[in-house]
file protein.txt (compact mmCIF, C-alpha atoms)
# COMPACT_ATOMS: atom_id res chain seq x y z
CA MET A 726 19.41 -96.21 64.82
CA LYS A 727 21.40 -98.32 67.23
CA THR A 728 19.92 -99.18 70.57
CA SER A 729 21.80 -98.52 73.77
CA GLY A 730 21.97 -102.24 74.46
CA PHE A 731 23.72 -102.80 71.20
CA HIS A 732 26.08 -100.00 72.06
CA LEU A 733 26.93 -101.45 75.41
CA GLY A 734 27.61 -104.81 73.87
CA LEU A 735 29.76 -103.29 71.20
CA CYS A 736 31.65 -101.27 73.72
CA ALA A 737 32.22 -104.28 75.92
CA LEU A 738 33.40 -106.35 73.02
CA LEU A 739 35.66 -103.63 71.81
CA LEU A 740 37.26 -103.02 75.17
CA ALA A 741 37.49 -106.68 76.00
CA ALA A 742 39.51 -107.07 72.85
CA VAL A 743 42.14 -104.65 74.04
CA MET A 744 42.07 -105.07 77.80
CA PRO A 745 44.69 -107.65 78.74
CA LEU A 746 43.19 -107.74 82.24
CA GLY A 747 40.30 -109.60 80.75
CA ALA A 748 37.86 -107.01 81.97
CA GLN A 749 34.36 -107.32 80.57
CA ALA A 750 34.61 -103.61 80.30
CA HIS A 751 31.72 -101.30 79.84
CA ARG A 752 32.67 -97.67 79.98
CA ALA A 753 36.23 -96.48 80.05
CA TRP A 754 37.05 -93.01 81.26
CA LEU A 755 39.67 -90.55 82.39
CA LEU A 756 38.37 -88.38 85.22
CA PRO A 757 40.21 -85.10 85.86
CA SER A 758 40.27 -83.52 89.34
CA SER A 759 39.48 -80.16 87.68
CA THR A 760 38.99 -78.98 84.14
CA VAL A 761 39.36 -75.23 84.74
CA LEU A 762 42.31 -74.08 86.83
CA SER A 763 43.85 -70.79 87.91
CA GLY A 764 47.07 -69.89 89.67
CA ASP A 765 50.69 -70.66 88.95
CA GLU A 766 51.57 -74.24 88.04
CA PRO A 767 48.50 -75.99 89.37
CA TRP A 768 48.44 -79.78 89.63
CA LEU A 769 45.98 -82.11 88.06
CA THR A 770 45.06 -85.58 89.25
CA VAL A 771 43.45 -88.01 86.85
CA ASP A 772 41.63 -91.19 87.81
CA ALA A 773 41.34 -93.80 85.10
CA ALA A 774 38.90 -96.67 85.31
CA ILE A 775 36.48 -98.93 83.50
CA SER A 776 33.09 -99.17 85.13
CA ASN A 777 29.42 -99.71 84.59
CA ASP A 778 28.24 -96.52 86.26
CA LEU A 779 29.74 -93.13 85.58
CA PHE A 780 31.98 -92.04 87.25
CA TYR A 781 32.48 -94.63 89.99
CA PHE A 782 35.41 -96.95 90.60
CA GLU A 783 33.58 -100.24 90.81
CA HIS A 784 34.92 -102.59 88.21
CA GLN A 785 38.46 -102.47 86.84
CA PRO A 786 41.29 -99.98 86.74
CA MET A 787 42.27 -98.64 83.35
CA ARG A 788 45.80 -99.66 82.55
CA LEU A 789 48.04 -96.66 82.06
CA ASP A 790 49.95 -98.08 79.08
CA GLY A 791 49.12 -95.84 76.19
CA VAL A 792 48.19 -92.86 78.36
CA SER A 793 49.86 -89.60 77.46
CA VAL A 794 49.34 -85.95 78.29
CA LEU A 795 49.76 -83.27 75.65
CA ALA A 796 50.76 -79.80 76.88
CA PRO A 797 49.41 -76.58 75.34
CA ASP A 798 52.51 -76.34 73.10
CA GLY A 799 51.95 -79.89 71.84
CA SER A 800 54.80 -81.44 73.82
CA SER A 801 54.32 -84.51 75.98
CA VAL A 802 54.14 -84.12 79.76
CA LYS A 803 55.37 -86.68 82.25
CA LEU A 804 52.83 -88.58 84.35
CA GLU A 805 53.76 -88.35 88.02
CA ASN A 806 52.83 -90.54 90.98
CA ALA A 807 51.23 -93.04 88.65
CA GLY A 808 49.74 -96.13 90.22
CA THR A 809 47.16 -98.78 89.61
CA GLY A 810 44.90 -100.02 92.38
CA ARG A 811 42.13 -102.57 92.53
CA TYR A 812 39.50 -100.35 90.97
CA ARG A 813 41.30 -97.45 89.41
CA SER A 814 44.58 -96.10 88.17
CA THR A 815 45.64 -92.62 89.10
CA PHE A 816 48.36 -90.15 88.14
CA ASP A 817 49.28 -86.51 88.61
CA VAL A 818 50.24 -83.92 86.05
CA ARG A 819 52.02 -80.69 86.83
CA LEU A 820 50.55 -77.98 84.61
CA GLU A 821 53.60 -75.80 84.05
CA GLN A 822 52.26 -74.16 80.90
CA LYS A 823 49.22 -71.95 80.57
CA GLY A 824 46.60 -73.23 78.20
CA THR A 825 44.75 -76.39 77.29
CA TYR A 826 46.07 -79.90 77.97
CA LYS A 827 44.74 -83.11 76.50
CA VAL A 828 44.94 -86.40 78.37
CA VAL A 829 44.73 -89.30 75.93
CA ARG A 830 44.65 -93.04 76.13
CA LEU A 831 45.22 -94.77 72.84
CA ASN A 832 44.91 -98.45 72.28
CA GLU A 833 45.08 -100.59 69.23
CA GLY A 834 44.33 -104.23 69.06
CA LEU A 835 43.16 -107.13 67.02
CA PHE A 836 40.37 -109.53 67.76
CA ALA A 837 40.12 -112.67 65.65
CA SER A 838 38.33 -115.99 65.53
CA TYR A 839 39.26 -118.91 63.31
CA GLN A 840 38.84 -122.66 62.94
CA VAL A 841 41.63 -125.10 63.60
CA ASP A 842 40.80 -128.79 63.09
CA GLY A 843 37.11 -128.03 63.42
CA GLU A 844 37.50 -126.05 66.64
CA THR A 845 36.94 -122.33 67.06
CA GLN A 846 39.88 -120.46 68.47
CA ARG A 847 40.23 -116.81 69.34
CA TYR A 848 42.96 -114.23 69.44
CA ARG A 849 42.99 -111.03 71.41
CA GLY A 850 46.03 -108.86 71.45
CA SER A 851 48.20 -106.59 69.40
CA ALA A 852 47.93 -106.49 65.64
CA ASP A 853 51.70 -106.93 65.38
CA GLY A 854 51.62 -110.20 67.29
CA PHE A 855 48.88 -111.80 65.25
CA ALA A 856 50.93 -113.18 62.36
CA SER A 857 53.06 -115.26 64.72
CA ALA A 858 50.09 -116.31 66.87
CA VAL A 859 47.74 -117.61 64.21
CA PRO A 860 48.47 -121.25 63.37
CA ALA A 861 49.11 -122.30 59.81
CA GLY A 862 46.03 -123.99 58.44
CA ALA A 863 43.56 -121.81 60.34
CA THR A 864 40.37 -121.38 58.35
CA ASP A 865 37.28 -119.16 58.46
CA LEU A 866 39.37 -116.30 59.79
CA ARG A 867 37.34 -113.35 61.01
CA VAL A 868 39.31 -110.32 62.07
CA THR A 869 38.40 -107.07 63.76
CA LEU A 870 40.98 -104.34 64.18
CA THR A 871 40.24 -101.94 67.01
CA ARG A 872 41.45 -98.41 67.55
CA GLY A 873 40.33 -96.75 70.75
CA ARG A 874 40.83 -93.20 71.87
CA ILE A 875 39.81 -91.98 75.31
CA GLU A 876 40.33 -88.34 76.22
CA THR A 877 39.73 -85.51 78.60
CA PHE A 878 40.65 -81.84 78.45
CA VAL A 879 41.97 -79.48 81.11
CA THR A 880 42.80 -75.78 80.92
CA ALA A 881 45.09 -73.68 83.14
CA GLY A 882 44.48 -69.99 82.52
CA ALA A 883 43.09 -69.06 79.11
CA PRO A 884 42.03 -71.85 76.73
CA THR A 885 44.23 -72.72 73.76
CA THR A 886 43.64 -75.01 70.77
CA GLU A 887 47.01 -76.51 69.81
CA VAL A 888 46.17 -79.94 71.31
CA PHE A 889 43.10 -80.24 69.07
CA GLN A 890 45.29 -80.96 66.02
CA PRO A 891 43.96 -84.27 64.69
CA THR A 892 46.37 -87.13 64.08
CA GLY A 893 44.36 -88.58 61.20
CA VAL A 894 44.23 -92.00 62.88
CA GLY A 895 41.01 -93.56 64.15
CA LEU A 896 38.03 -91.65 65.47
CA GLU A 897 38.82 -88.19 66.80
CA LEU A 898 36.94 -85.24 68.24
CA VAL A 899 37.91 -81.78 66.99
CA PRO A 900 36.22 -79.13 69.10
CA VAL A 901 34.48 -76.19 67.53
CA THR A 902 33.31 -75.08 70.97
CA HIS A 903 36.22 -75.30 73.40
CA PRO A 904 35.70 -78.35 75.67
CA ASN A 905 36.74 -76.33 78.73
CA ASP A 906 34.20 -73.63 77.98
CA LEU A 907 31.01 -75.64 78.41
CA PHE A 908 28.12 -74.15 80.37
CA ALA A 909 24.68 -75.45 81.20
CA GLY A 910 22.03 -73.99 78.93
CA GLU A 911 24.54 -73.35 76.17
CA THR A 912 25.16 -75.36 73.03
CA ALA A 913 28.51 -76.90 72.12
CA GLU A 914 29.57 -77.92 68.64
CA PHE A 915 32.07 -80.73 68.01
CA ARG A 916 33.38 -82.28 64.82
CA PHE A 917 34.26 -85.94 64.50
CA LEU A 918 36.87 -87.25 62.12
CA LEU A 919 37.44 -90.83 61.07
CA ASP A 920 40.99 -91.28 59.83
CA GLY A 921 41.20 -87.54 59.31
CA LYS A 922 38.00 -87.14 57.30
CA PRO A 923 34.62 -85.87 58.60
CA ALA A 924 32.75 -88.80 60.18
CA ALA A 925 29.25 -88.34 58.75
CA ALA A 926 26.16 -90.08 60.17
CA LEU A 927 28.08 -91.14 63.26
CA GLU A 928 26.00 -91.79 66.34
CA VAL A 929 27.33 -90.04 69.42
CA VAL A 930 25.99 -90.87 72.87
CA VAL A 931 26.26 -88.43 75.77
CA ILE A 932 25.56 -89.63 79.31
CA PRO A 933 25.62 -87.46 82.44
CA GLY A 934 27.70 -88.69 85.39
CA GLY A 935 26.12 -89.53 88.72
CA ILE A 936 24.27 -92.59 87.41
CA ARG A 937 24.27 -94.24 90.83
CA TYR A 938 21.87 -91.66 92.22
CA ARG A 939 19.18 -91.79 89.56
CA ASP A 940 16.98 -94.41 87.97
CA GLN A 941 17.24 -93.49 84.29
CA LEU A 942 20.38 -93.38 82.21
CA GLN A 943 19.37 -90.02 80.69
CA GLU A 944 21.55 -90.59 77.66
CA ALA A 945 21.21 -88.26 74.71
CA LYS A 946 21.98 -89.41 71.18
CA TYR A 947 23.21 -87.26 68.36
CA VAL A 948 24.01 -88.07 64.75
CA THR A 949 26.75 -86.15 62.94
CA ASP A 950 25.90 -84.27 59.77
CA SER A 951 27.84 -84.54 56.51
CA ASP A 952 30.62 -82.39 57.98
CA GLY A 953 30.90 -84.66 61.02
CA LEU A 954 29.34 -82.03 63.27
CA ILE A 955 27.04 -82.40 66.24
CA ARG A 956 25.55 -79.75 68.48
CA ILE A 957 24.99 -80.67 72.11
CA GLU A 958 22.71 -78.69 74.38
CA TRP A 959 23.84 -79.12 77.96
CA PRO A 960 20.76 -79.57 80.14
CA ALA A 961 22.54 -79.27 83.48
CA PRO A 962 25.99 -78.73 84.96
CA GLY A 963 28.07 -81.79 85.71
CA LEU A 964 30.39 -84.35 84.21
CA TYR A 965 29.41 -86.02 80.96
CA TRP A 966 30.72 -89.06 79.14
CA LEU A 967 30.65 -88.88 75.38
CA ASN A 968 31.08 -91.98 73.30
CA ALA A 969 31.01 -92.99 69.64
CA THR A 970 32.01 -96.03 67.61
CA ALA A 971 32.57 -96.16 63.87
CA GLU A 972 32.91 -99.28 61.77
CA SER A 973 34.71 -99.39 58.49
CA ALA A 974 36.60 -101.67 56.17
CA PRO A 975 40.32 -101.77 57.01
CA THR A 976 42.48 -99.75 54.69
CA ALA A 977 45.49 -102.05 55.04
CA VAL A 978 45.86 -105.79 55.47
CA THR A 979 47.44 -106.71 58.79
CA PRO A 980 50.06 -109.44 58.47
CA GLY A 981 48.51 -112.82 59.19
CA THR A 982 45.04 -111.77 58.02
CA GLU A 983 45.59 -112.12 54.29
CA GLY A 984 43.10 -114.89 53.73
CA ALA A 985 40.46 -113.62 56.16
CA ALA A 986 36.84 -114.40 55.37
CA GLU A 987 35.82 -111.20 57.16
CA ARG A 988 37.88 -108.18 58.00
CA ARG A 989 36.51 -105.23 59.95
CA GLU A 990 37.82 -102.18 61.71
CA ARG A 991 36.24 -100.49 64.69
CA ALA A 992 37.28 -97.07 65.85
CA SER A 993 35.94 -95.81 69.14
CA TYR A 994 36.11 -92.49 70.91
CA ALA A 995 35.21 -91.53 74.47
CA ALA A 996 35.68 -88.27 76.34
CA THR A 997 34.92 -86.96 79.80
CA LEU A 998 33.61 -83.40 79.64
CA GLU A 999 32.72 -81.00 82.42
CA VAL A 1000 29.82 -78.56 82.09
CA LEU A 1001 29.75 -75.69 84.59
CA PRO A 1002 26.73 -73.79 85.91
CA LEU A 1003 26.15 -70.48 84.20
CA MET B 1450 32.02 -6.84 63.34
CA PRO B 1451 28.41 -7.82 62.94
CA ASP B 1452 29.18 -10.95 60.92
CA SER B 1453 31.45 -12.31 63.64
CA ARG B 1454 28.64 -12.52 66.20
CA PRO B 1455 26.88 -15.59 64.92
CA PHE B 1456 30.25 -17.27 64.71
CA LYS B 1457 31.04 -16.36 68.32
CA SER B 1458 27.69 -17.46 69.63
CA ALA B 1459 28.09 -20.76 67.74
CA ARG B 1460 31.40 -21.28 69.48
CA VAL B 1461 29.81 -20.53 72.83
CA ALA B 1462 27.04 -23.01 72.02
CA VAL B 1463 29.60 -25.68 71.16
CA ALA B 1464 31.50 -24.94 74.35
CA LEU B 1465 28.28 -25.14 76.39
CA ALA B 1466 27.35 -28.39 74.71
CA LEU B 1467 30.77 -29.83 75.52
CA LEU B 1468 30.41 -28.69 79.10
CA CYS B 1469 27.00 -30.27 79.32
CA ALA B 1470 28.29 -33.46 77.74
CA GLY B 1471 31.12 -33.41 80.22
CA SER B 1472 28.79 -33.01 83.14
CA VAL B 1473 26.55 -35.81 81.85
CA GLN B 1474 29.47 -38.20 81.58
CA ALA B 1475 30.77 -37.17 84.98
CA ALA B 1476 27.93 -39.19 86.42
CA ALA B 1477 30.03 -40.02 89.48
CA PRO B 1478 29.09 -43.69 89.62
CA THR B 1479 29.27 -45.33 93.00
CA VAL B 1480 28.81 -49.01 93.74
CA THR B 1481 27.91 -50.24 97.20
CA ILE B 1482 28.34 -53.93 97.84
CA GLU B 1483 27.10 -55.65 100.93
CA ILE B 1484 29.01 -58.73 102.04
CA PRO B 1485 26.60 -60.55 104.34
CA ARG B 1486 27.59 -61.77 107.76
CA LEU B 1487 27.13 -65.53 107.70
CA SER B 1488 26.81 -67.93 110.54
CA VAL B 1489 28.85 -70.84 109.27
CA ALA B 1490 31.35 -73.18 110.91
CA GLU B 1491 34.21 -72.12 108.66
CA TYR B 1492 34.08 -68.60 107.29
CA HIS B 1493 36.37 -67.11 104.70
CA ARG B 1494 35.86 -63.72 103.12
CA PRO B 1495 34.51 -64.14 99.61
CA TYR B 1496 36.51 -63.61 96.46
CA THR B 1497 34.53 -60.89 94.71
CA ALA B 1498 34.71 -59.55 91.16
CA ILE B 1499 32.91 -56.43 89.98
CA TRP B 1500 32.77 -55.66 86.28
CA LEU B 1501 30.79 -54.03 83.49
CA GLU B 1502 29.10 -55.90 80.64
CA ASP B 1503 27.20 -54.61 77.66
CA GLY B 1504 23.56 -55.41 76.94
CA ALA B 1505 24.56 -58.63 75.18
CA GLN B 1506 26.43 -59.67 78.35
CA ARG B 1507 29.80 -59.20 76.70
CA PHE B 1508 32.61 -58.18 79.00
CA VAL B 1509 33.46 -54.46 78.94
CA ALA B 1510 35.75 -53.66 81.87
CA ASN B 1511 36.77 -54.72 85.34
CA LEU B 1512 36.02 -52.39 88.24
CA ALA B 1513 37.47 -54.42 91.11
CA VAL B 1514 38.61 -57.93 92.04
CA TRP B 1515 38.95 -58.73 95.71
CA TYR B 1516 40.96 -61.84 96.48
CA ASP B 1517 43.86 -63.13 98.58
CA VAL B 1518 46.22 -60.78 96.81
CA LYS B 1519 48.75 -60.75 99.66
CA GLN B 1520 49.47 -64.48 99.74
CA PRO B 1521 53.09 -65.29 98.88
CA ASN B 1522 53.90 -66.72 95.44
CA LYS B 1523 50.47 -65.67 94.11
CA LYS B 1524 49.00 -68.62 95.92
CA GLY B 1525 45.69 -66.78 96.17
CA ASN B 1526 45.35 -66.97 92.39
CA GLU B 1527 44.47 -70.65 92.73
CA TRP B 1528 40.85 -69.84 93.60
CA LEU B 1529 40.25 -67.01 91.13
CA LYS B 1530 38.54 -69.52 88.82
CA ASP B 1531 35.83 -70.07 91.43
CA MET B 1532 34.38 -66.76 90.27
CA ARG B 1533 33.33 -68.75 87.25
CA GLN B 1534 31.74 -66.16 85.03
CA TRP B 1535 34.37 -63.55 85.76
CA TRP B 1536 37.06 -66.15 85.11
CA ARG B 1537 35.51 -67.03 81.80
CA LYS B 1538 34.89 -63.46 80.68
CA SER B 1539 38.04 -61.79 81.89
CA GLY B 1540 40.12 -63.41 84.62
CA ARG B 1541 41.65 -66.22 82.63
CA THR B 1542 43.27 -63.76 80.23
CA LEU B 1543 44.65 -61.49 82.98
CA ASP B 1544 47.92 -61.74 84.83
CA MET B 1545 46.73 -60.99 88.33
CA PRO B 1546 47.30 -58.82 90.27
CA VAL B 1547 46.28 -55.93 88.01
CA ASP B 1548 46.92 -52.37 89.21
CA GLY B 1549 43.80 -50.39 89.95
CA ILE B 1550 41.61 -53.50 90.03
CA SER B 1551 43.11 -55.98 92.50
CA GLY B 1552 42.40 -55.62 96.15
CA ALA B 1553 42.22 -57.64 99.33
CA THR B 1554 39.07 -59.56 100.26
CA ARG B 1555 36.58 -57.52 102.29
CA PRO B 1556 34.95 -58.38 105.61
CA PRO B 1557 31.18 -58.55 106.07
CA GLY B 1558 29.57 -55.14 105.81
CA GLU B 1559 28.94 -52.46 103.20
CA HIS B 1560 31.72 -51.46 100.88
CA ARG B 1561 31.47 -48.38 98.73
CA LEU B 1562 33.43 -47.85 95.54
CA ALA B 1563 33.37 -44.38 93.98
CA PHE B 1564 34.39 -43.91 90.36
CA ASP B 1565 35.21 -40.93 88.22
CA GLY B 1566 32.74 -40.84 85.36
CA ASN B 1567 35.29 -38.90 83.30
CA ALA B 1568 37.89 -41.63 83.65
CA ALA B 1569 38.19 -45.08 82.08
CA PRO B 1570 36.25 -47.26 81.70
CA TRP B 1571 33.22 -44.99 82.08
CA LYS B 1572 34.33 -42.24 79.72
CA ASP B 1573 34.78 -44.80 76.95
CA LEU B 1574 31.31 -46.32 77.21
CA ALA B 1575 29.27 -45.91 74.04
CA PRO B 1576 25.63 -44.96 74.73
CA GLY B 1577 23.56 -48.08 75.35
CA GLU B 1578 22.51 -50.79 77.77
CA TYR B 1579 24.95 -52.14 80.32
CA ARG B 1580 25.08 -54.36 83.38
CA LEU B 1581 27.05 -53.95 86.53
CA VAL B 1582 27.94 -57.51 87.55
CA VAL B 1583 29.08 -58.67 90.98
CA GLU B 1584 30.18 -62.28 91.48
CA ALA B 1585 31.22 -63.66 94.85
CA ALA B 1586 32.70 -67.08 95.60
CA ARG B 1587 33.55 -68.16 99.13
CA GLU B 1588 36.00 -70.90 100.06
CA VAL B 1589 34.04 -73.91 101.39
CA GLY B 1590 30.95 -71.79 100.78
CA GLY B 1591 28.79 -70.86 97.83
CA ARG B 1592 28.86 -68.63 94.80
CA GLU B 1593 26.48 -65.92 93.70
CA LEU B 1594 26.24 -63.58 90.76
CA ILE B 1595 24.13 -60.43 90.75
CA ALA B 1596 23.64 -58.07 87.82
CA VAL B 1597 22.30 -54.52 87.89
CA PRO B 1598 21.21 -53.29 84.45
CA PHE B 1599 21.64 -49.61 83.60
CA ARG B 1600 21.60 -47.31 80.62
CA TRP B 1601 24.53 -45.07 79.74
CA PRO B 1602 24.91 -42.11 79.63
CA VAL B 1603 23.08 -41.13 82.77
CA GLU B 1604 21.39 -37.77 82.66
CA ALA B 1605 19.57 -37.61 85.97
CA PRO B 1606 20.45 -38.91 89.42
CA GLN B 1607 19.66 -42.58 89.67
CA ARG B 1608 19.75 -45.26 92.28
CA LEU B 1609 19.56 -48.87 91.08
CA GLU B 1610 19.41 -51.82 93.42
CA ALA B 1611 19.59 -55.58 93.39
CA SER B 1612 19.88 -58.06 96.19
CA GLY B 1613 21.72 -61.33 96.61
CA GLU B 1614 20.35 -64.14 98.72
CA HIS B 1615 23.41 -66.10 99.77
CA GLU B 1616 26.89 -64.76 99.24
CA LEU B 1617 25.94 -61.18 98.46
CA GLY B 1618 23.65 -58.69 100.16
CA LYS B 1619 22.35 -55.48 98.67
CA ILE B 1620 24.10 -54.12 95.58
CA VAL B 1621 23.48 -50.42 94.91
CA LEU B 1622 24.57 -48.56 91.80
CA GLU B 1623 24.20 -44.79 92.08
CA PHE B 1624 24.75 -42.01 89.60
CA THR B 1625 24.81 -38.37 90.62
CA PRO B 1626 25.34 -36.40 87.42
call {"tool": "encode", "arguments": {"input": "protein.txt", "output": "structure tokens"}}
result
Amino acid sequence: MKTSGFHLGLCALLLAAVMPLGAQAHRAWLLPSSTVLSGDEPWLTVDAAISNDLFYFEHQPMRLDGVSVLAPDGSSVKLENAGTGRYRSTFDVRLEQKGTYKVVRLNEGLFASYQVDGETQRYRGSADGFASAVPAGATDLRVTLTRGRIETFVTAGAPTTEVFQPTGVGLELVPVTHPNDLFAGETAEFRFLLDGKPAAALEVVVIPGGIRYRDQLQEAKYVTDSDGLIRIEWPAPGLYWLNATAESAPTAVTPGTEGAAERRERASYAATLEVLPL
Amino acid sequence: MPDSRPFKSARVAVALALLCAGSVQAAAPTVTIEIPRLSVAEYHRPYTAIWLEDGAQRFVANLAVWYDVKQPNKKGNEWLKDMRQWWRKSGRTLDMPVDGISGATRPPGEHRLAFDGNAAPWKDLAPGEYRLVVEAAREVGGRELIAVPFRWPVEAPQRLEASGEHELGKIVLEFTP
């Protein structure tokens, strides 16, 4: 069992590897203005940030590169009024279709350390750029590929499930219980997939928002079964941040990493979920 | 003919039974909902949904939904989701307004709804346990949900009551079969 400290460190390392801002990031999240909407063509505003406490803008904005919004029919929706401030990024989405939308931020990166003339050097950036960045003659190459997925779900009208189609890449959540149908006192079931296959024995951490106004983190930990399933009992209404990280051996060799002494892959998943009072 | 008599009397018995059944189902349900008068800085009449659930709290039928039905471009639909349980159980799959259900929001006071027990949805209710559910949500105010359990069919006059504490006052369900 991993400790929360380990998790934080892992998370920070992982995000640091893919955050060009150099943020010593802790928790990355997409915060929707609403998750359940009625009426014709409602608007959604999403705040995106990386912070210590959930869900406060107090550290770094999340960069909006790699953010996309999937409409209920699976098409991509334009981000409107997008901007990045000191502590957060924000954008609007016009919900023209009825059904469930998924807001996603994907990032992929490569973190490497190696020796050149007896000195340790590091690389943080895209996997594509690594081959040209690593000097010839680098030794003791240690490489970690990172794939991060950050999501939130929003429904206008009746919930739909089209946006839950997994891509088969990285760590993904496939809802069994609809993520916009979560109520305090009820149990939700979610399946996790790693590269399209059930992610068994994966530790999933769930933390309620509002950390600033309480002393204890109140995180709950779950471990997926052989089908990648967890069941979460929601103790109280509110916003929750769900997070998991899976490590595996890379399936393909990234150019420039052929002679690596160590090659790892880390896939992470985070989602913001809203639980309503019954 | 002597052998026709039992047949006739059987027919009469069936007819009587049907009549009785009819009168039992014509329980003339009435629902009285009290919208409390509130002393608040900004008052808006509550959105209110009234529906029937079965004993397992599964949605059966809508009786009434009071909301800003008159706003242009269905703008009033924006807050329908604030009646959270109704939205979850029924509203989100409806295209409001719905004839026979939608109505304007009501002012503080008692509002009485009379139903025909021989008409839908009452006539279609299988015998069993049910709940009359009233959910009110007020703009810049609170939300409250009150349920009144009852058993159907109703054979004797009945008066069932429940009381809200915040957004709803007394809820009375009466049957006069």
call {"tool": "residues_around", "arguments": {"input": "protein.txt", "residues": "region 907-924 of chain A", "least_positions_apart": "2", "cutoff": "6 Å", "atoms": "all atoms listed in the file", "output": "list in words"}}
result
Gly893, Val894, Gly895, Leu896, Glu897, Leu898, Val899, Pro900, Val901, Thr902, Asn905, Asp952, Gly953, Leu954, Ile955, Arg956, Ile957, Glu958, Trp959, Pro960, Ala961, Pro962, Val1000, Leu1001, Pro1002 and Leu1003 of chain A
call {"tool": "residues_around", "arguments": {"input": "protein.txt", "residues": "region 784-795 of chain A", "least_positions_apart": "4", "cutoff": "6 Å", "atoms": "only C-alpha atoms", "output": "number ranges by chain"}}
result
A: 773-776, 799-802, 812-814, 826-831
call {"tool": "closest_residue", "arguments": {"input": "protein.txt", "among": "A:Asp906, A:Asp772, A:Asp853, A:Glu983", "to": "chain B", "atoms": "only C-alpha atoms"}}
result
A:Asp906
call {"tool": "atom_distance", "arguments": {"input": "protein.txt", "atom1": "CA of Ala926 (chain A)", "atom2": "CA of Asp950 (chain A)"}}
result
5.8 Å
call {"tool": "residues_around", "arguments": {"input": "protein.txt", "residues": "Thr1625 (chain B)", "least_positions_apart": "5", "cutoff": "9 Å", "atoms": "only C-alpha atoms", "output": "list in words"}}
result
Ala1475, Ala1476, Ala1477, Pro1478, Thr1479, Val1603, Glu1604, Ala1605, Pro1606, Gln1607 and Arg1608 of chain B
call {"tool": "interface_residues", "arguments": {"input": "protein.txt", "of": "chain B", "to": "chain A", "cutoff": "10 Å", "atoms": "all atoms listed in the file", "output": "number ranges by chain"}}
result
B: 1522-1531, 1533-1534, 1536-1537, 1539-1545, 1594
call {"tool": "closest_residue", "arguments": {"input": "protein.txt", "among": "A:Glu990, A:Ser851, A:Tyr781, A:Pro933", "to": "Leu755 (chain A)", "atoms": "only C-alpha atoms"}}
result
A:Tyr781
call {"tool": "closest_residue", "arguments": {"input": "protein.txt", "among": "A:Leu866, A:Ala977, A:Ala852, A:Ala969", "to": "Gly834 (chain A)", "atoms": "only C-alpha atoms"}}
result
A:Ala852
call {"tool": "residues_around", "arguments": {"input": "protein.txt", "residues": "region 1504-1506 of chain B", "least_positions_apart": "5", "cutoff": "9 Å", "atoms": "all atoms listed in the file", "output": "PyMOL selection string"}}
result
chain B and resi 1577-1580+1598
call {"tool": "write_last_selection", "arguments": {"input": "protein.txt", "atoms": "C-alpha atoms", "output": "compact mmCIF listing (two decimals), in the coordinates of the input"}}
result
# COMPACT_ATOMS: atom_id res chain seq x y z
CA GLY B 1577 23.56 -48.08 75.35
CA GLU B 1578 22.51 -50.79 77.77
CA TYR B 1579 24.95 -52.14 80.32
CA ARG B 1580 25.08 -54.36 83.38
CA PRO B 1598 21.21 -53.29 84.45
call {"tool": "closest_residue", "arguments": {"input": "protein.txt", "among": "A:Ala796, A:Val931, A:Leu804, A:Leu835", "to": "Glu821 (chain A)", "atoms": "all atoms listed in the file"}}
result
A:Ala796
call {"tool": "atom_distance", "arguments": {"input": "protein.txt", "atom1": "CA of Ile1550 (chain B)", "atom2": "CA of Lys1538 (chain B)"}}
result
15.2 Å
call {"tool": "residues_around", "arguments": {"input": "protein.txt", "residues": "Arg1494 (chain B)", "least_positions_apart": "4", "cutoff": "7 Å", "atoms": "all atoms listed in the file", "output": "PyMOL selection string"}}
result
chain B and resi 1554-1556+1587
call {"tool": "closest_residue", "arguments": {"input": "protein.txt", "among": "A:Glu876, A:Glu987, A:Glu887, A:Asp940", "to": "Asn968 (chain A)", "atoms": "only C-alpha atoms"}}
result
A:Glu876
call {"tool": "closest_residue", "arguments": {"input": "protein.txt", "among": "A:Gly984, A:Gly810, A:Pro891, A:Gly862", "to": "Phe782 (chain A)", "atoms": "all atoms listed in the file"}}
result
A:Gly810
call {"tool": "residues_near_point", "arguments": {"input": "protein.txt", "point": "(38.9, -58.6, 99.6)", "cutoff": "10 Å", "atoms": "all atoms listed in the file", "output": "PyMOL selection string"}}
result
chain B and resi 1494-1498+1513-1518+1551-1556
call {"tool": "atom_distance", "arguments": {"input": "protein.txt", "atom1": "CA of Ser838 (chain A)", "atom2": "CA of Thr864 (chain A)"}}
result
9.2 Å
